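Next comes entry25.cif, with mmCIF, C-alpha atoms and all ligand atoms.
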data_structure
#
loop_
_atom_site.label_atom_id
_atom_site.label_comp_id
_atom_site.auth_asym_id
_atom_site.auth_seq_id
_atom_site.Cartn_x
_atom_site.Cartn_y
_atom_site.Cartn_z
CA MET A 281 -4.83 11.45 -20.68
CA SER A 282 -3.81 10.64 -17.14
CA THR A 283 -1.14 12.91 -15.76
CA GLU A 284 0.26 10.19 -13.54
CA MET A 285 3.57 8.84 -14.81
CA VAL A 286 4.93 6.81 -11.91
CA SER A 287 3.01 5.02 -9.23
CA VAL A 288 4.81 3.21 -6.41
CA GLU A 289 2.55 1.27 -4.06
CA LYS A 290 3.91 -0.20 -0.82
CA VAL A 291 7.15 -1.24 -2.46
CA SER A 292 9.76 -3.14 -0.46
CA ARG A 293 13.08 -4.69 -1.39
CA THR A 294 14.99 -7.04 0.86
CA PHE A 295 18.43 -8.36 0.01
CA GLY A 296 19.46 -11.67 1.56
CA SER A 297 17.45 -13.47 4.21
CA GLY A 298 17.38 -14.42 7.85
CA GLU A 299 19.60 -12.49 10.23
CA ARG A 300 21.62 -11.06 7.38
CA ALA A 301 18.59 -9.61 5.57
CA VAL A 302 18.96 -5.98 4.48
CA HIS A 303 15.65 -4.13 4.19
CA ALA A 304 16.88 -1.64 1.61
CA VAL A 305 13.41 -0.22 0.80
CA GLN A 306 10.38 -0.64 3.05
CA GLU A 307 6.76 0.00 2.08
CA VAL A 308 7.42 3.10 0.02
CA SER A 309 4.44 4.70 -1.74
CA PHE A 310 4.28 7.82 -3.89
CA THR A 311 3.25 9.03 -7.33
CA ALA A 312 4.92 11.36 -9.81
CA GLU A 313 3.13 13.34 -12.49
CA ARG A 314 4.03 14.22 -16.04
CA GLY A 315 6.14 17.37 -16.22
CA GLU A 316 7.44 16.97 -12.69
CA LEU A 317 11.02 16.82 -11.42
CA VAL A 318 11.08 14.87 -8.17
CA ALA A 319 14.24 14.76 -6.08
CA VAL A 320 14.90 11.69 -3.97
CA ARG A 321 17.07 12.60 -1.01
CA GLY A 322 18.67 10.51 1.66
CA ARG A 323 22.02 9.55 3.07
CA SER A 324 24.28 6.96 1.58
CA GLY A 325 22.58 3.59 2.07
CA ALA A 326 19.10 5.09 2.51
CA GLY A 327 17.79 3.10 -0.44
CA LYS A 328 17.72 5.67 -3.24
CA THR A 329 19.45 3.53 -5.87
CA THR A 330 17.44 0.45 -4.94
CA LEU A 331 14.18 2.39 -5.28
CA LEU A 332 15.08 3.98 -8.61
CA ASN A 333 16.29 0.65 -10.03
CA MET A 334 12.93 -0.94 -9.27
CA ILE A 335 11.05 1.92 -10.93
CA GLY A 336 13.21 1.68 -14.04
CA GLY A 337 12.83 -2.08 -14.28
CA LEU A 338 16.48 -2.85 -13.47
CA ASP A 339 15.49 -4.71 -10.30
CA ARG A 340 12.29 -6.23 -8.94
CA PRO A 341 10.58 -5.45 -5.62
CA SER A 342 10.20 -8.13 -2.96
CA ALA A 343 6.68 -6.76 -2.42
CA GLY A 344 4.45 -4.01 -3.77
CA ARG A 345 3.70 -2.64 -7.21
CA VAL A 346 5.27 -0.13 -9.59
CA THR A 347 3.59 1.27 -12.69
CA VAL A 348 5.27 3.54 -15.24
CA ALA A 349 3.15 5.24 -17.90
CA GLY A 350 0.32 2.90 -16.99
CA ARG A 351 2.43 -0.25 -17.44
CA ASP A 352 2.87 -2.61 -14.52
CA VAL A 353 6.65 -2.90 -14.24
CA THR A 354 6.39 -5.43 -11.42
CA ALA A 355 4.46 -7.91 -13.51
CA ALA A 356 6.43 -7.35 -16.73
CA GLY A 357 8.43 -10.13 -18.34
CA GLU A 358 12.03 -9.66 -19.50
CA GLN A 359 11.03 -8.59 -23.02
CA GLU A 360 8.54 -6.07 -21.69
CA LEU A 361 11.22 -4.63 -19.42
CA LEU A 362 13.59 -4.32 -22.37
CA ASP A 363 10.86 -2.52 -24.33
CA LEU A 364 10.22 -0.24 -21.37
CA ARG A 365 13.90 0.67 -21.10
CA ARG A 366 14.13 1.29 -24.83
CA ASP A 367 10.94 3.30 -25.34
CA THR A 368 9.81 4.88 -22.11
CA VAL A 369 12.56 5.17 -19.49
CA SER A 370 16.08 6.59 -19.76
CA PHE A 371 18.88 6.60 -17.23
CA VAL A 372 21.62 9.02 -16.27
CA PHE A 373 24.27 7.74 -13.88
CA GLN A 374 26.82 9.35 -11.59
CA THR A 375 29.67 7.92 -13.65
CA PHE A 376 28.26 9.17 -17.00
CA GLY A 377 28.59 5.76 -18.69
CA LEU A 378 29.80 7.06 -22.03
CA ILE A 379 31.61 4.81 -24.50
CA PRO A 380 35.25 6.03 -24.49
CA ILE A 381 36.09 5.31 -28.13
CA LEU A 382 33.04 7.12 -29.51
CA SER A 383 32.75 10.86 -30.08
CA ALA A 384 30.14 12.91 -28.21
CA ALA A 385 27.87 12.78 -31.27
CA GLU A 386 28.28 9.02 -31.66
CA ASN A 387 27.51 8.46 -27.98
CA VAL A 388 24.31 10.47 -28.26
CA GLY A 389 23.43 8.51 -31.42
CA VAL A 390 23.71 5.07 -29.79
CA PRO A 391 20.04 4.77 -28.74
CA LEU A 392 18.99 5.99 -32.21
CA ARG A 393 21.13 3.34 -33.88
CA LEU A 394 19.58 0.69 -31.64
CA ALA A 395 16.15 1.99 -32.64
CA LYS A 396 17.25 1.79 -36.32
CA VAL A 397 16.67 5.47 -37.02
CA PRO A 398 18.01 6.19 -40.55
CA ALA A 399 21.44 7.87 -40.68
CA ALA A 400 20.33 11.27 -41.99
CA GLU A 401 17.58 11.65 -39.42
CA ARG A 402 19.93 10.38 -36.72
CA GLU A 403 22.54 13.02 -37.52
CA GLU A 404 19.93 15.74 -37.48
CA ARG A 405 18.52 14.63 -34.13
CA VAL A 406 21.98 14.25 -32.58
CA SER A 407 22.93 17.75 -33.59
CA VAL A 408 19.70 19.19 -32.13
CA LEU A 409 20.34 17.29 -28.88
CA LEU A 410 23.95 18.47 -28.61
CA GLU A 411 22.79 22.06 -29.14
CA LEU A 412 20.13 21.58 -26.49
CA VAL A 413 22.70 20.59 -23.86
CA GLY A 414 25.07 23.38 -24.93
CA LEU A 415 27.65 21.21 -26.69
CA GLY A 416 27.06 22.17 -30.30
CA GLY A 417 30.75 22.80 -30.82
CA HIS A 418 31.97 19.57 -29.23
CA ALA A 419 30.39 16.90 -31.41
CA ALA A 420 33.65 15.29 -32.51
CA GLN A 421 35.35 15.14 -29.12
CA ARG A 422 35.70 11.92 -27.20
CA PRO A 423 34.72 11.67 -23.52
CA ASN A 424 38.34 11.97 -22.30
CA GLU A 425 38.59 15.26 -24.21
CA LEU A 426 35.61 16.70 -22.32
CA SER A 427 35.24 17.97 -18.75
CA GLY A 428 33.11 16.03 -16.26
CA GLY A 429 30.24 18.48 -16.64
CA GLN A 430 30.44 18.23 -20.43
CA GLN A 431 30.47 14.43 -20.25
CA GLN A 432 27.35 14.49 -18.11
CA ARG A 433 25.73 16.82 -20.67
CA VAL A 434 26.48 14.24 -23.36
CA ALA A 435 24.91 11.57 -21.14
CA VAL A 436 21.80 13.74 -20.69
CA ALA A 437 21.57 14.27 -24.47
CA ARG A 438 21.89 10.51 -25.00
CA ALA A 439 19.18 9.89 -22.40
CA LEU A 440 16.86 12.25 -24.27
CA ALA A 441 17.53 10.77 -27.72
CA ASN A 442 14.59 8.38 -27.67
CA ASP A 443 12.18 10.94 -26.26
CA PRO A 444 11.62 9.09 -23.00
CA GLU A 445 8.63 9.80 -20.81
CA LEU A 446 10.59 9.12 -17.63
CA LEU A 447 14.18 10.07 -16.89
CA ILE A 448 15.84 8.41 -13.91
CA ALA A 449 19.05 10.06 -12.73
CA ASP A 450 21.04 8.45 -9.91
CA GLU A 451 23.34 11.04 -8.32
CA PRO A 452 23.93 12.75 -11.69
CA THR A 453 25.98 15.48 -10.03
CA GLY A 454 27.87 13.25 -7.61
CA GLN A 455 31.18 13.56 -9.44
CA LEU A 456 30.89 17.25 -10.27
CA ASP A 457 31.82 20.40 -8.36
CA SER A 458 28.84 22.26 -6.92
CA GLU A 459 28.56 24.89 -9.64
CA THR A 460 28.76 22.35 -12.47
CA GLY A 461 26.36 20.09 -10.58
CA ARG A 462 23.88 22.89 -10.37
CA SER A 463 24.12 23.60 -14.08
CA ILE A 464 23.35 19.93 -14.81
CA MET A 465 20.36 20.04 -12.47
CA ASP A 466 19.24 23.29 -14.18
CA LEU A 467 19.47 21.53 -17.53
CA LEU A 468 17.41 18.56 -16.30
CA ARG A 469 14.80 20.90 -14.91
CA ALA A 470 14.56 22.83 -18.17
CA VAL A 471 14.15 19.73 -20.34
CA VAL A 472 11.64 18.13 -17.99
CA HIS A 473 9.44 21.18 -18.08
CA ALA A 474 9.86 21.88 -21.80
CA ARG A 475 9.12 18.29 -22.84
CA LYS A 476 6.53 17.48 -20.16
CA MET A 477 8.62 14.51 -19.08
CA THR A 478 8.98 13.20 -15.57
CA ALA A 479 12.34 12.98 -13.83
CA LEU A 480 13.33 11.21 -10.64
CA VAL A 481 16.69 12.45 -9.44
CA ALA A 482 18.53 10.88 -6.51
CA THR A 483 20.84 13.28 -4.77
CA HIS A 484 22.32 13.83 -1.36
CA ASP A 485 23.19 17.43 -2.17
CA PRO A 486 20.75 19.72 -0.29
CA ALA A 487 21.83 22.65 -2.47
CA LEU A 488 20.09 21.08 -5.48
CA ILE A 489 16.79 20.44 -3.80
CA ASP A 490 15.38 23.89 -4.55
CA LEU A 491 15.51 23.07 -8.26
CA ALA A 492 13.11 20.15 -7.80
CA ASP A 493 9.33 20.51 -7.92
CA ARG A 494 9.05 18.11 -5.00
CA THR A 495 11.39 16.18 -2.73
CA LEU A 496 11.03 12.71 -1.25
CA VAL A 497 13.24 11.90 1.70
CA LEU A 498 14.29 8.32 2.44
CA ARG A 499 15.75 7.21 5.73
CA ASP A 500 16.73 3.60 6.31
CA GLY A 501 14.57 2.53 3.37
CA ARG A 502 11.46 4.36 4.48
CA LEU A 503 9.86 7.49 3.11
CA VAL A 504 9.99 9.95 5.98
CA GLU A 505 9.05 13.22 4.35
CA GLU A 506 7.47 14.57 1.22
N1 LIG B 1 22.65 -6.18 -4.33
C1 LIG B 1 22.63 -5.92 -3.00
N2 LIG B 1 22.86 -6.92 -2.11
C2 LIG B 1 22.83 -6.68 -0.77
N3 LIG B 1 22.58 -5.47 -0.24
C3 LIG B 1 22.35 -4.44 -1.07
C4 LIG B 1 22.37 -4.62 -2.49
N4 LIG B 1 22.12 -3.39 -3.07
C5 LIG B 1 21.96 -2.53 -2.05
N5 LIG B 1 22.08 -3.14 -0.86
C6 LIG B 1 21.95 -2.49 0.48
O1 LIG B 1 20.72 -1.79 0.50
C7 LIG B 1 20.84 -0.57 1.22
C8 LIG B 1 20.42 0.60 0.31
O2 LIG B 1 21.40 0.79 -0.72
P1 LIG B 1 21.24 1.86 -1.88
O3 LIG B 1 22.38 1.68 -2.80
O4 LIG B 1 19.87 1.76 -2.45
O5 LIG B 1 21.35 3.23 -1.09
P2 LIG B 1 21.58 4.71 -1.67
O6 LIG B 1 20.68 5.57 -0.88
O7 LIG B 1 21.42 4.71 -3.13
O8 LIG B 1 23.08 4.98 -1.25
P3 LIG B 1 24.24 5.80 -2.07
O9 LIG B 1 23.86 7.24 -1.95
O10 LIG B 1 25.47 5.45 -1.29
O11 LIG B 1 24.25 5.28 -3.45
C9 LIG B 1 22.29 -0.50 1.69
O12 LIG B 1 22.33 -0.98 3.01
C10 LIG B 1 23.01 -1.45 0.74
O13 LIG B 1 24.13 -2.01 1.36
#
How does the structure come out when it is put into C-alpha cells?
Ligand SMILES: Nc1ncnc2c1ncn2[C@@H]1O[C@H](COP(=O)(O)OP(=O)(O)OP(=O)(O)O)[C@@H](O)[C@H]1O
Amino acid sequence: MSTEMVSVEKVSRTFGSGERAVHAVQEVSFTAERGELVAVRGRSGAGKTTLLNMIGGLDRPSAGRVTVAGRDVTAAGEQELLDLRRDTVSFVFQTFGLIPILSAAENVGVPLRLAKVPAAEREERVSVLLELVGLGGHAAQRPNELSGGQQQRVAVARALANDPELLIADEPTGQLDSETGRSIMDLLRAVVHARKMTALVATHDPALIDLADRTLVLRDGRLVEE
C-alpha cells in the first residue's frame, strides 16, 4: 500500500480577475504521508485556508492537481466530493462548529447518524471517542456548558467518528489560550500517530510547530520553506 496520502502538484488559486485578482495560492507542491502530522504555517492572508480547502474538496484550484488517498480531488464531481468528505476527510475548525442544542455525545454522533450506523453501535463508538479525547464524564453537556478547549475536544472526537484517513484542521487552537491550544495539538498528534492517519494543521502559533512532524511555510501564497 502506498504511504502517500496527499499529493499537491503545482496548485494555484486566484480569486477575481484582472487588476483586482488575488493570487491566494501560487504553484504549491508537496506530499504528505500516512501517519504524519504536517503543520502549515504562515501569516494571516498567506493562503493557508485556501490551500486546505482545496485539499479537502471544499474549493477547486485554478490550476494544478490534488490527490487524496489516491483519488483525484481536482477532477472529482460534486457527488464524489461529498463521498470524499463523508468517508475519507474530516475537518476541525477554529470556531469548533458544534451544534448548540445537541449534547457533546450527540454532536460526536452526528457523522455516525449520517452514515446510518445503528443506534447501539453508535452509542458505543461515541463513548469510546469521548473517552479518547478525555471527556468521558461530559457526554450530556451542551457546548455552552463546556470550556473552549472541551468544545474543541468534542469537535476532534466528531472528526474522528468516521475513521477518516485525512484530518484537516484550520487554526484549531486559534480561539484557545496557549496551554489549552497545546493540549489540543498534543491530542491531534497522539491520534494521528496511533491511527496512522494524516493531519494537515494550519496554525500561526510558532509554539505549536515542535509538535508537528514537518512544517510547511507559506508566504504570499507560495511555499517558502519545508
Ligand atoms: N473567496 C475569496 N474571494 C476573494 N479573495 C479571497 C477569498 N478567500 C480568500 N481570499 C484572499 O486570499 C488570500 C489568502 O487567504 P487565506 O484565508 O487562505 O489566508 P490564511 O493564511 O488562511 O489567513 P488567516 O490565517 O487569516 O485565516 C487573502 O488575501 C484573502 O483575502
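For ligand LIG 1 (chain B), the neighbouring polymer residues at 8 Å or closer are Thr294, Phe295, Gly296, Val302, His303, Ala304, Val305, Arg321, Gly322, Arg323, Ser324, Gly325, Ala326, Gly327, Lys328, Thr329, Thr330, Leu331, Asp450, Glu451, Ala482, Thr483, His484, Leu498, Asp500 and Gly501 of chain A, only C-alpha atoms and all ligand atoms being used.
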(request) Have a look at A:Thr495, A:Ser463, A:Gln421, A:Asn387 and name the one nearest to Arg402 in chain A; count only C-alpha atoms. (result) A:Asn387
Would you kindly return, as a PDB file with C-alpha atoms, in the frame of the given file, each protein, DNA or RNA residue with an atom no farther than 12 Å from any atom of Leu392 in chain A, considering all atoms listed in the file and excluding same-chain residues fewer than 2 positions away?
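See result.pdb below for the written result:
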ATOM      1  CA  ARG A 366      14.130   1.290 -24.830  1.00  0.00           C
ATOM      2  CA  ASP A 367      10.940   3.300 -25.340  1.00  0.00           C
ATOM      3  CA  ALA A 385      27.870  12.780 -31.270  1.00  0.00           C
ATOM      4  CA  GLU A 386      28.280   9.020 -31.660  1.00  0.00           C
ATOM      5  CA  ASN A 387      27.510   8.460 -27.980  1.00  0.00           C
ATOM      6  CA  VAL A 388      24.310  10.470 -28.260  1.00  0.00           C
ATOM      7  CA  GLY A 389      23.430   8.510 -31.420  1.00  0.00           C
ATOM      8  CA  VAL A 390      23.710   5.070 -29.790  1.00  0.00           C
ATOM      9  CA  LEU A 394      19.580   0.690 -31.640  1.00  0.00           C
ATOM     10  CA  ALA A 395      16.150   1.990 -32.640  1.00  0.00           C
ATOM     11  CA  LYS A 396      17.250   1.790 -36.320  1.00  0.00           C
ATOM     12  CA  VAL A 397      16.670   5.470 -37.020  1.00  0.00           C
ATOM     13  CA  PRO A 398      18.010   6.190 -40.550  1.00  0.00           C
ATOM     14  CA  ALA A 399      21.440   7.870 -40.680  1.00  0.00           C
ATOM     15  CA  ALA A 400      20.330  11.270 -41.990  1.00  0.00           C
ATOM     16  CA  GLU A 401      17.580  11.650 -39.420  1.00  0.00           C
ATOM     17  CA  ARG A 402      19.930  10.380 -36.720  1.00  0.00           C
ATOM     18  CA  GLU A 403      22.540  13.020 -37.520  1.00  0.00           C
ATOM     19  CA  GLU A 404      19.930  15.740 -37.480  1.00  0.00           C
ATOM     20  CA  ARG A 405      18.520  14.630 -34.130  1.00  0.00           C
ATOM     21  CA  VAL A 406      21.980  14.250 -32.580  1.00  0.00           C
ATOM     22  CA  LEU A 409      20.340  17.290 -28.880  1.00  0.00           C
ATOM     23  CA  ALA A 437      21.570  14.270 -24.470  1.00  0.00           C
ATOM     24  CA  ARG A 438      21.890  10.510 -25.000  1.00  0.00           C
ATOM     25  CA  ALA A 439      19.180   9.890 -22.400  1.00  0.00           C
ATOM     26  CA  LEU A 440      16.860  12.250 -24.270  1.00  0.00           C
ATOM     27  CA  ALA A 441      17.530  10.770 -27.720  1.00  0.00           C
ATOM     28  CA  ASN A 442      14.590   8.380 -27.670  1.00  0.00           C
ATOM     29  CA  ASP A 443      12.180  10.940 -26.260  1.00  0.00           C
TER      30      ASP A 443
END
(request) Quick one: pull the distance between CA of Thr347 in chain A and CA of Val288 in chain A, Å, one decimal. (result)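 For CA of Thr347 in chain A relative to CA of Val288 in chain A, the distance reads 6.7 Å.
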(request) Determine the nearest neighbour of Glu445 in chain A from the options A:Asp466, A:Glu299, A:Glu316, A:Glu307, counting all atoms listed in the file. (result)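 Once distances to Glu445 in chain A are computed over all atoms listed in the file, the minimum belongs to A:Glu316.
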N, CA and C atoms are what I want for range 294-317 of chain A; can you complete it accordingly and write them as a compact mmCIF listing (two decimals), keeping the file's coordinate frame?
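Final output, saved to part-v3.txt:
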# COMPACT_ATOMS: atom_id res chain seq x y z
N THR A 294 14.11 -6.45 -0.14
CA THR A 294 14.99 -7.04 0.86
C THR A 294 16.09 -7.80 0.15
N PHE A 295 17.31 -7.58 0.54
CA PHE A 295 18.43 -8.36 0.01
C PHE A 295 18.82 -9.40 1.05
N GLY A 296 19.07 -10.62 0.62
CA GLY A 296 19.46 -11.67 1.56
C GLY A 296 18.28 -12.09 2.41
N SER A 297 18.56 -12.99 3.37
CA SER A 297 17.45 -13.47 4.21
C SER A 297 17.98 -13.78 5.60
N GLY A 298 17.04 -14.07 6.47
CA GLY A 298 17.38 -14.42 7.85
C GLY A 298 18.01 -13.25 8.58
N GLU A 299 18.98 -13.54 9.41
CA GLU A 299 19.60 -12.49 10.23
C GLU A 299 20.37 -11.48 9.39
N ARG A 300 20.82 -11.95 8.23
CA ARG A 300 21.62 -11.06 7.38
C ARG A 300 20.77 -10.20 6.46
N ALA A 301 19.46 -10.33 6.51
CA ALA A 301 18.59 -9.61 5.57
C ALA A 301 18.79 -8.10 5.69
N VAL A 302 18.88 -7.45 4.51
CA VAL A 302 18.96 -5.98 4.48
C VAL A 302 17.66 -5.47 3.88
N HIS A 303 16.92 -4.70 4.67
CA HIS A 303 15.65 -4.13 4.19
C HIS A 303 15.96 -2.78 3.54
N ALA A 304 16.37 -2.84 2.29
CA ALA A 304 16.88 -1.64 1.61
C ALA A 304 15.77 -0.62 1.36
N VAL A 305 14.57 -1.10 1.03
CA VAL A 305 13.41 -0.22 0.80
C VAL A 305 12.22 -0.87 1.50
N GLN A 306 11.48 -0.07 2.26
CA GLN A 306 10.38 -0.64 3.05
C GLN A 306 9.10 0.14 2.85
N GLU A 307 8.12 -0.53 2.22
CA GLU A 307 6.76 0.00 2.08
C GLU A 307 6.72 1.45 1.64
N VAL A 308 7.41 1.72 0.56
CA VAL A 308 7.42 3.10 0.02
C VAL A 308 6.27 3.27 -0.96
N SER A 309 5.53 4.36 -0.81
CA SER A 309 4.44 4.70 -1.74
C SER A 309 4.54 6.16 -2.14
N PHE A 310 4.40 6.43 -3.42
CA PHE A 310 4.28 7.82 -3.89
C PHE A 310 3.89 7.79 -5.36
N THR A 311 3.48 8.93 -5.89
CA THR A 311 3.25 9.03 -7.33
C THR A 311 4.01 10.24 -7.86
N ALA A 312 4.31 10.20 -9.15
CA ALA A 312 4.92 11.36 -9.81
C ALA A 312 4.15 11.64 -11.09
N GLU A 313 3.95 12.92 -11.35
CA GLU A 313 3.13 13.34 -12.49
C GLU A 313 3.99 13.65 -13.71
N ARG A 314 3.34 13.73 -14.84
CA ARG A 314 4.03 14.22 -16.04
C ARG A 314 4.47 15.66 -15.82
N GLY A 315 5.66 15.99 -16.33
CA GLY A 315 6.14 17.37 -16.22
C GLY A 315 6.72 17.72 -14.87
N GLU A 316 6.99 16.71 -14.06
CA GLU A 316 7.44 16.97 -12.69
C GLU A 316 8.86 16.45 -12.47
N LEU A 317 9.68 17.27 -11.81
CA LEU A 317 11.02 16.82 -11.42
C LEU A 317 10.99 16.54 -9.92
